[in-house]
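Comments concern the structure below.
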Amino acid sequence: MADAARASGQAETRDPVASRDDELAVNMEHITKSFGNVCANRDVSLQLRQGEILALLGENGSGKTSLVNMLSGIYFPDHGEIYVHGKKVTIKSPKDAFDLGIGMIHQHFKLVDVLSAAENIILGQPGSLSLSRKALNAEVRQLAQQYGFEIDPAKKVYDMSVSEKQTVEIIKVLYRGANILILDEPTAVLTPHETEKLFIVLKNMKADGKAIIIITHKLQEVLSVSDRVEVLRKGEFVAMVDTEKTTKDQLTEMMVGRPVSLKIDRPKMERGQEKLQVVGLTCLNADGIKVLDDVSFSSYGGEILGVAGIAGSGQKELCETIAGLYPAIGGAVLFGGEFEGTPVKESVLGLKPDEISRKGISMAFVPEDRLGMGLVAAMDITDNMMLRSYKDNGGMFVDRKKPKELADKMIDELEIHATGPNAIVGRLSGGNVQKVLLGREIAQNPSVLIVAYPVRGLDINSSYKIYDLLNWQKQQGVAVIFIGEDLDVLMEISDRLMVLCGGRVSGIVDPKEVTKEDIGLMMVQVAENEESSL
Amino acid sequence: MSQKTRARKEPLLRMVKRDDISPRRAWLYRGIAFILALVTGGLLLLALGHNPVFVYRDMVIGAWGSPTVIRETIKLAVPLLITAIALALAFKMKFWNIGGEGQILAGAIAAGYFGFFTAQYFPKPILISLMMLAGMLAGGLYGLIPAIFKAKWKTNETLFTLMLNYIALAFVKYLMNGPWKASGSSFPKMPMIGSDARLTQVLGVHWGWILALVIVVVAWLYFNKTKHGYEIAIVGESEDTARYAGINVKRVIMRTMFLSGALCGLVGMLQFAGADFTITEGTAGGVGFTAITVAWLAMMNPFGMLVVAVFIAMLERGANTIQTIYKIPGAAADLLIGIILFFMLGCEFFIRYRLVIRGKEPKDVSPKTDQEPDVVEPVPVVVDPTGILPEPDIIAGKEPGNA
C-alpha cells in the first residue's frame, strides 16, 4: 500500500523518468508500430511503476492492445525502446517476455479444456518426469489464497465458468513468476459481481508490489480500480493522469478528442400493441444441451426491451430462432398483426426468413456477426442493400436501381463515410458497417427490430448515433429488442429489461426500479439454483 | 540481450497486404512477370542448345502461322474455355470442383451412346440435339452427386470430385474393352462415329467455338446480372449470410453444381462429336485440370477466361510445333508452359501483397497512397484484439475525408 501511496503522490510530474528508473517496472519510449499503411502506434510512451495499477484507456482502434502486445512479445516495434526495471531489453517472443517477468492475460483464453486448472497452470513449464498432483494442487491453492482467488485446482477447464477460466489464466501467469501483469479487457466477459472480485484480487496483487496494466474502455472500472490512467487516441498518446484527479467526462473527452454527453435518452412513450410474443421457446445446441429453456416474453410497439446476460446465455439462439435461422424443439413465436381490422397473431416458428417476409411480416434483425451474417464483406453497399429484398422484383435478373438509390440515401442520411454506393463494405470502419446494416434493416419499415450487440467495437460517436436510431425507431412505434452487454447502457436505454441466465429467463424488470447489482445477481441466479438442485 | 539483437528480430522479408493497386500497375506487374518467364524459359532453351528467340518465334508461328494451325489452336481453346466457365460457377460459390475431367467423360459417354447406337434412327439435327442434351444431363448429374453429399452431409467436395474422375475414367476403359469395343479391332478402342453424328464445321472448326463465345456472354450475364449469380456470390462469401438473406443454400449448391457439371458434359460431347469422333481415355485430356488455372488466372471473369484459354491453347500448340522442329523433348516443352504459367500465377501474389525488406520500411508512416493524408488525424488506426496480424483492408476504416 505504501508503494501505491507514493505512486499517486508523484504522478503529477510528467518527466521524472530518467531519475527514477529503478522504480519503473516498465518504460516504453517513443514506440511506433505500423501494419502496412495502418499506423497502430505512433510515438507512444508508457511508464508503469511498481506496485500500481495503470489503466490503458482508449476507444476501439486506439492502439491499446497493439501497444501491450509489444510488451508481451507478440509484435515487435518498428521504432522505440523498452526498458524493464531500468534495463533496456529486446522482447522477441512471448517467452522473452516471461523471462522478464511480464505476463499477459488475453481476452481469449488459451487453456486446454480437458486438463485441470493445476495442469493448465504448469503446462509448458520445465519439470521432472514424475508429477505429484497433490503437491501441485497444494502449491496452486496456496498461491490462490495469497491473492484471494477462489479456485479448485483439480477442476477441469471444461467444467469452469468464464470467470474461473480467467482466474486460471491469471494464476498461470503468477505461477511463472510474473511481476508485471497485463490484462486485456478482463471484465468484458464478467458479471458485475465477478468484476468486483477480480478488482479485489488486483488490489491484493498491487499491494504485493506487482505492476499491473489493465486495458479497458469502461470508464467506471478505470475510476474504481486504477491508480493512473494513460489515454490513447488513434494510436497516439493523449494524456497520463492520476485517477483521483480526473472524472468520467474528462476521460471521455480525452478519449474522443472533444466533449461528449454520456447520457443516453429514454424518450417517454405510451406502450403500444403487442408486436411479438414468445412462448415457452426451447432450443438445443449441437450437443443436445438446452441453450434456450422455456423462454417466454412479449415485446410491444414503442418500447425498447433490453436483453442482458452473460455471454453465451442463449442470446444468439434467441434472436436467430425468432428470425427463422435456428431450429426450436418447442414453444411458439407469434407476431402481432391485423386481419381486417382485428388484431391477430401469426405463428412464424419453423419458417425460413424468406417465408416469414412473404407472410407480410416485417421483422428486422441486426445480427451479432455483422460481416459474417448480416452483410457480405466483399460486396459493395448497393449489393448489400438488396440482400433481403433482391427477390422482390419478378424475373431472373436483379434490379440494382432501387438498392443503389437506397444506398445513396443512406450514405447521405446516416453520414456513412464511404466513397459511394459501390464502396466495398468490408473496407468500411466498424461504425460505418453497422450503419449500413442497421440502415438497411430500418429501411424495410419493420414492426419488430432485433439488434444484437449493436455497438460492439464501435467508437463513442457511432455508438450514440446507433442509440439515437434505436430510440427513433421506438418513437415510430417499432418494438425494439436490444441484446446488449454493457449493463449501464442497457439500464439507461431500455424500457424493460429481460435477464437471461443459462438459456432461461431469470426475470423481466423495470430498469428504473432495480440496481445494477440486482441485475448482476439475476444474470447468475438461475444457474446457481440449478446447481443446488443437482 | 545486446542492442544489436534488436535488429535481428525483424524478419528479413515480410509480406504486407496491399490496400489497393491501380489496374495499370497490376498489368505492369503481369507484363514484367511474362518477360521474366520468357527469360527463364530462354535459359532452359539455351541449356538445351537452342536459340530461345527462334524457338519462341516458332512457337507463335506454330500456333498462329497458318489457317490450319489457327484452327487447331481454336480447337484446343474451346474445351478449355467452356470448362473454365463451368468450374468458375462452382468456384464462385467456393465449391472446389476439381472433377471437370470426370464430368467431361460422363458427358462424352452419354453423347457416345446416342452417337454410336442411334445414328441410324434420327436425322442429324435431332441426333446432335439428343447427344447434346444427353451429354449435359450426364455431366450435370455427375456434378450433382458431390453437391448432394456436400449439401446434406457436408462431405469434402475436393476429394469427392477428384475421386469421381477416376471412376469415370475406369468406366471409359471398361467400355473400350467390353461393350463398346470396335468390332474387328484387336486393340481396346471404340469405333469412330459416322459423319451423321459429327458436328458441322464453321470456318473450318466445329461450331462449338460459336457456342463457346455465346456461353462467355451468357456466363457474364449470369454471374453479374441475375439473381442466381447474386445468390452464388453470397453463398460463396458466407453461408450464414445466405441463410439470413433467405437463400436456400442447399438448393443453390445443387443447382449450381448441376450447371457446372452440365457445361463440362457439354465439353465432353463437343470433344467427342467435334474433335475426336470417338471416346478414349484421353478425351478429357487434362482439360478439367488446366481449366482450373484458366479460371483463376482470369479471376473468374468469363471474358478474361476467353483470353487466357486462347493463350494457353497457343502455348500448347506452340509447344507441339517446337517439339517437331527442334526435336525438343515433350517434357521440356511442357516445362516451358509450366514456367510461363508459374510466373503468371506467381505475379498475382505480388499484385495482392508487397514485400518489405528488413529496415526498408519507410520511417514515417504516412500512407503511401494517392489519397491526401488527413492533416489532423493522419492515419486510420487498427487494433487487433486477438493479437493476430490484422487484415488492414477489413478492420481499418477509411477515415472520413480521405476515403
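Chain labels follow the order of the C-alpha cells: the first chain is A, the next B, and so on; residue numbering restarts at 1 in every chain, and ligands are counted from 1 in their shown order.
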- Query: Running DSSP on the backbone, which parts of region 176-325 of chain B land in helix (DSSP H, G or I), as an NGL selection string?
  - Reply: :B and (176-177 or 195-197 or 208-225 or 227-237 or 239-244 or 249-276 or 287-297 or 302-325)
- Item | Neighbours of chain B in chain A at 6 Å, counting only C-alpha atoms, as a ChimeraX atom specification | /A:36-40,61,63,66,90,234,353-354,373-374,387-388,396-398,417,419,426-429
Export N, CA and C atoms of the chosen residues as an mmCIF file, in the first residue's frame?
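Wrote selection19.cif, looks like this:
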data_model
loop_
_atom_site.group_PDB
_atom_site.id
_atom_site.type_symbol
_atom_site.label_atom_id
_atom_site.label_comp_id
_atom_site.auth_asym_id
_atom_site.auth_seq_id
_atom_site.Cartn_x
_atom_site.Cartn_y
_atom_site.Cartn_z
ATOM 1 N N GLY A 36 1.469 -2.303 -42.506
ATOM 2 C CA GLY A 36 1.217 -1.769 -43.828
ATOM 3 C C GLY A 36 1.036 -0.268 -43.740
ATOM 4 N N ASN A 37 -0.032 0.207 -44.302
ATOM 5 C CA ASN A 37 -0.276 1.650 -44.283
ATOM 6 C C ASN A 37 -0.941 2.093 -43.001
ATOM 7 N N VAL A 38 -1.265 1.121 -42.160
ATOM 8 C CA VAL A 38 -2.037 1.452 -40.977
ATOM 9 C C VAL A 38 -1.094 1.607 -39.796
ATOM 10 N N CYS A 39 -1.142 2.745 -39.188
ATOM 11 C CA CYS A 39 -0.255 3.011 -38.063
ATOM 12 C C CYS A 39 -0.997 2.719 -36.763
ATOM 13 N N ALA A 40 -0.556 1.708 -36.038
ATOM 14 C CA ALA A 40 -1.260 1.314 -34.817
ATOM 15 C C ALA A 40 -0.804 2.143 -33.631
ATOM 16 N N GLY A 61 -9.592 0.531 -31.572
ATOM 17 C CA GLY A 61 -8.755 1.035 -32.639
ATOM 18 C C GLY A 61 -7.843 2.158 -32.220
ATOM 19 N N GLY A 63 -5.169 1.654 -30.373
ATOM 20 C CA GLY A 63 -3.807 1.139 -30.266
ATOM 21 C C GLY A 63 -3.424 0.603 -28.904
ATOM 22 N N SER A 66 -2.269 -3.238 -29.319
ATOM 23 C CA SER A 66 -1.011 -3.408 -30.044
ATOM 24 C C SER A 66 0.152 -2.888 -29.221
ATOM 25 N N THR A 90 15.163 -6.344 -25.204
ATOM 26 C CA THR A 90 14.608 -6.695 -26.505
ATOM 27 C C THR A 90 13.655 -7.850 -26.284
ATOM 28 N N LYS A 234 -6.415 7.171 -31.487
ATOM 29 C CA LYS A 234 -5.934 6.962 -32.851
ATOM 30 C C LYS A 234 -4.444 6.632 -32.866
ATOM 31 N N PRO A 353 -36.408 -17.333 -43.102
ATOM 32 C CA PRO A 353 -36.526 -15.871 -43.155
ATOM 33 C C PRO A 353 -37.348 -15.375 -44.333
ATOM 34 N N ASP A 354 -37.147 -15.989 -45.512
ATOM 35 C CA ASP A 354 -37.883 -15.502 -46.677
ATOM 36 C C ASP A 354 -39.367 -15.855 -46.568
ATOM 37 N N MET A 373 -22.776 -12.498 -41.140
ATOM 38 C CA MET A 373 -24.165 -12.902 -41.290
ATOM 39 C C MET A 373 -25.034 -11.778 -41.861
ATOM 40 N N GLY A 374 -24.877 -10.584 -41.340
ATOM 41 C CA GLY A 374 -25.772 -9.512 -41.749
ATOM 42 C C GLY A 374 -25.401 -8.886 -43.086
ATOM 43 N N LEU A 387 -29.750 -7.373 -50.142
ATOM 44 C CA LEU A 387 -29.585 -8.719 -49.607
ATOM 45 C C LEU A 387 -30.917 -9.350 -49.208
ATOM 46 N N ARG A 388 -31.766 -8.567 -48.592
ATOM 47 C CA ARG A 388 -33.011 -9.136 -48.105
ATOM 48 C C ARG A 388 -34.182 -8.890 -49.045
ATOM 49 N N MET A 396 -35.668 -13.041 -63.745
ATOM 50 C CA MET A 396 -34.459 -13.709 -63.250
ATOM 51 C C MET A 396 -33.322 -12.727 -62.998
ATOM 52 N N PHE A 397 -33.504 -11.472 -63.435
ATOM 53 C CA PHE A 397 -32.415 -10.527 -63.255
ATOM 54 C C PHE A 397 -32.591 -9.717 -61.976
ATOM 55 N N VAL A 398 -31.480 -9.300 -61.401
ATOM 56 C CA VAL A 398 -31.582 -8.460 -60.207
ATOM 57 C C VAL A 398 -31.746 -7.012 -60.640
ATOM 58 N N HIS A 417 -19.406 7.202 -43.956
ATOM 59 C CA HIS A 417 -18.214 7.650 -44.662
ATOM 60 C C HIS A 417 -17.785 6.593 -45.652
ATOM 61 N N THR A 419 -16.918 6.036 -50.183
ATOM 62 C CA THR A 419 -16.700 6.735 -51.448
ATOM 63 C C THR A 419 -17.990 6.814 -52.252
ATOM 64 N N GLY A 426 -16.666 -4.426 -46.593
ATOM 65 C CA GLY A 426 -15.612 -4.948 -45.729
ATOM 66 C C GLY A 426 -14.505 -3.954 -45.480
ATOM 67 N N ARG A 427 -14.449 -2.920 -46.321
ATOM 68 C CA ARG A 427 -13.369 -1.940 -46.144
ATOM 69 C C ARG A 427 -13.806 -0.730 -45.336
ATOM 70 N N LEU A 428 -15.064 -0.704 -44.957
ATOM 71 C CA LEU A 428 -15.531 0.409 -44.128
ATOM 72 C C LEU A 428 -15.128 0.171 -42.680
ATOM 73 N N SER A 429 -15.148 1.229 -41.892
ATOM 74 C CA SER A 429 -14.839 1.074 -40.474
ATOM 75 C C SER A 429 -16.047 0.473 -39.766
#
- Item | Test item: residues at most 9 Å from region 209-217 of chain B, only C-alpha atoms, excluding those fewer than 5 positions along its chain, as number ranges by chain | B: 74-75, 77-79, 81-82, 85, 202, 222, 302-303, 305-306
For the selection just defined, write its residues with C-alpha atoms to a file, as an mmCIF file, in the first residue's frame.
data_model
loop_
_atom_site.group_PDB
_atom_site.id
_atom_site.type_symbol
_atom_site.label_atom_id
_atom_site.label_comp_id
_atom_site.auth_asym_id
_atom_site.auth_seq_id
_atom_site.Cartn_x
_atom_site.Cartn_y
_atom_site.Cartn_z
ATOM 1 C CA ILE B 74 -9.025 -22.752 -81.555
ATOM 2 C CA LYS B 75 -9.942 -26.405 -81.241
ATOM 3 C CA ALA B 77 -9.147 -23.391 -76.689
ATOM 4 C CA VAL B 78 -12.840 -24.280 -76.960
ATOM 5 C CA PRO B 79 -12.956 -27.087 -74.364
ATOM 6 C CA LEU B 81 -12.828 -22.094 -72.183
ATOM 7 C CA ILE B 82 -16.141 -23.828 -71.593
ATOM 8 C CA ILE B 85 -16.533 -21.199 -67.114
ATOM 9 C CA VAL B 202 -17.931 -23.341 -89.444
ATOM 10 C CA TYR B 222 -25.418 -14.924 -65.228
ATOM 11 C CA PRO B 302 -15.630 -15.077 -68.462
ATOM 12 C CA PHE B 303 -14.076 -12.575 -70.866
ATOM 13 C CA MET B 305 -11.131 -16.697 -69.439
ATOM 14 C CA LEU B 306 -11.566 -16.279 -73.174
#
- Query: Could you pull out the strand (DSSP E or B) residues of region 27-207 of chain B from DSSP and send them as a list of chain:residue names?
  - Reply: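 Across region 27-207 of chain B, those assigned strand (DSSP E or B) are B:Gln201, B:Val202, B:Val205, B:His206.
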Create the file for the chosen residues now, containing C-alpha atoms and written as a CSV table (one decimal), in the first residue's frame.
chain,number,residue,atom,x,y,z
B,201,GLN,CA,-17.7,-27.1,-89.3
B,202,VAL,CA,-17.9,-23.3,-89.4
B,205,VAL,CA,-13.7,-25.6,-86.9
B,206,HIS,CA,-16.7,-27.4,-85.4
- Within 9 Å of Asp495 (chain A), counting only C-alpha atoms, which residues qualify if same-chain residues fewer than 2 places away don't, as a list of chain:residue names? A:Arg266, A:Lys268, A:Glu303, A:Ile304, A:Leu305, A:Gly306, A:Met491, A:Glu492, A:Ile493, A:Leu497, A:Val509, A:Asp510, A:Pro511, A:Lys512
Output the selection as a compact mmCIF listing (two decimals), in the first residue's frame - N, CA and C atoms for each residue.
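To be explicit, this is the file written out as out30.txt:
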# COMPACT_ATOMS: atom_id res chain seq x y z
N ARG A 266 -33.99 8.26 -22.99
CA ARG A 266 -35.03 7.23 -22.97
C ARG A 266 -36.36 7.96 -23.15
N LYS A 268 -39.99 9.14 -23.49
CA LYS A 268 -41.19 8.54 -22.89
C LYS A 268 -42.19 8.23 -24.00
N GLU A 303 -41.47 0.53 -27.57
CA GLU A 303 -40.76 0.14 -26.36
C GLU A 303 -39.43 -0.53 -26.74
N ILE A 304 -38.42 -0.25 -25.96
CA ILE A 304 -37.17 -0.99 -26.14
C ILE A 304 -37.06 -2.02 -25.04
N LEU A 305 -37.03 -3.27 -25.45
CA LEU A 305 -36.85 -4.35 -24.49
C LEU A 305 -35.38 -4.72 -24.49
N GLY A 306 -34.70 -4.45 -23.38
CA GLY A 306 -33.30 -4.81 -23.29
C GLY A 306 -33.17 -6.27 -22.91
N MET A 491 -29.40 -0.41 -19.00
CA MET A 491 -30.29 0.12 -17.98
C MET A 491 -30.74 1.53 -18.30
N GLU A 492 -29.93 2.24 -19.10
CA GLU A 492 -30.33 3.60 -19.46
C GLU A 492 -31.32 3.64 -20.60
N ILE A 493 -31.15 2.75 -21.56
CA ILE A 493 -31.95 2.88 -22.78
C ILE A 493 -33.22 2.03 -22.75
N LEU A 497 -36.27 -4.60 -19.03
CA LEU A 497 -35.02 -5.32 -19.19
C LEU A 497 -35.25 -6.79 -18.84
N VAL A 509 -37.54 -6.94 -15.73
CA VAL A 509 -37.66 -5.90 -14.71
C VAL A 509 -37.71 -4.52 -15.34
N ASP A 510 -38.14 -3.57 -14.54
CA ASP A 510 -38.09 -2.17 -14.94
C ASP A 510 -36.74 -1.63 -14.49
N PRO A 511 -35.88 -1.26 -15.42
CA PRO A 511 -34.52 -0.87 -15.04
C PRO A 511 -34.48 0.36 -14.13
N LYS A 512 -35.59 1.11 -14.08
CA LYS A 512 -35.59 2.29 -13.22
C LYS A 512 -35.73 1.89 -11.75
- Between B:Ile232, B:Val252, B:Ile145, B:Met131, which has the minimum distance to Leu199 (chain B) (counting only C-alpha atoms)? B:Met131
- Query: Quick one: of A:Asn179, A:Thr195, A:Ser72, A:Thr321, who's nearest to Ile450 (chain A), counting only C-alpha atoms?
  - Reply: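 Under the stated criterion, the closest residue is A:Thr321.
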- Nearest residue to Gln120 (chain B) from the set B:Ala197, B:Ala298, B:Leu76, B:Ile357 (distances using only C-alpha atoms):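 When distances to Gln120 (chain B) are compared using only C-alpha atoms, the smallest one comes from B:Ala197.
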- Message: Report, in Å to a single decimal, how far apart CA of Gln145 (chain A) and CA of Leu71 (chain A) are.
- Response: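 Interatomic distance, CA of Leu71 (chain A) to CA of Gln145 (chain A): 28.2 Å.
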- Query: What lies within 9 Å of Pro186 (chain A) using only C-alpha atoms, ignoring chain neighbours under 6 positions off, as a list in words?
  - Reply: Ile105, His106, Gln107, Gln166, Thr195, Leu198, Ile214, Ile215 and Thr216 of chain A
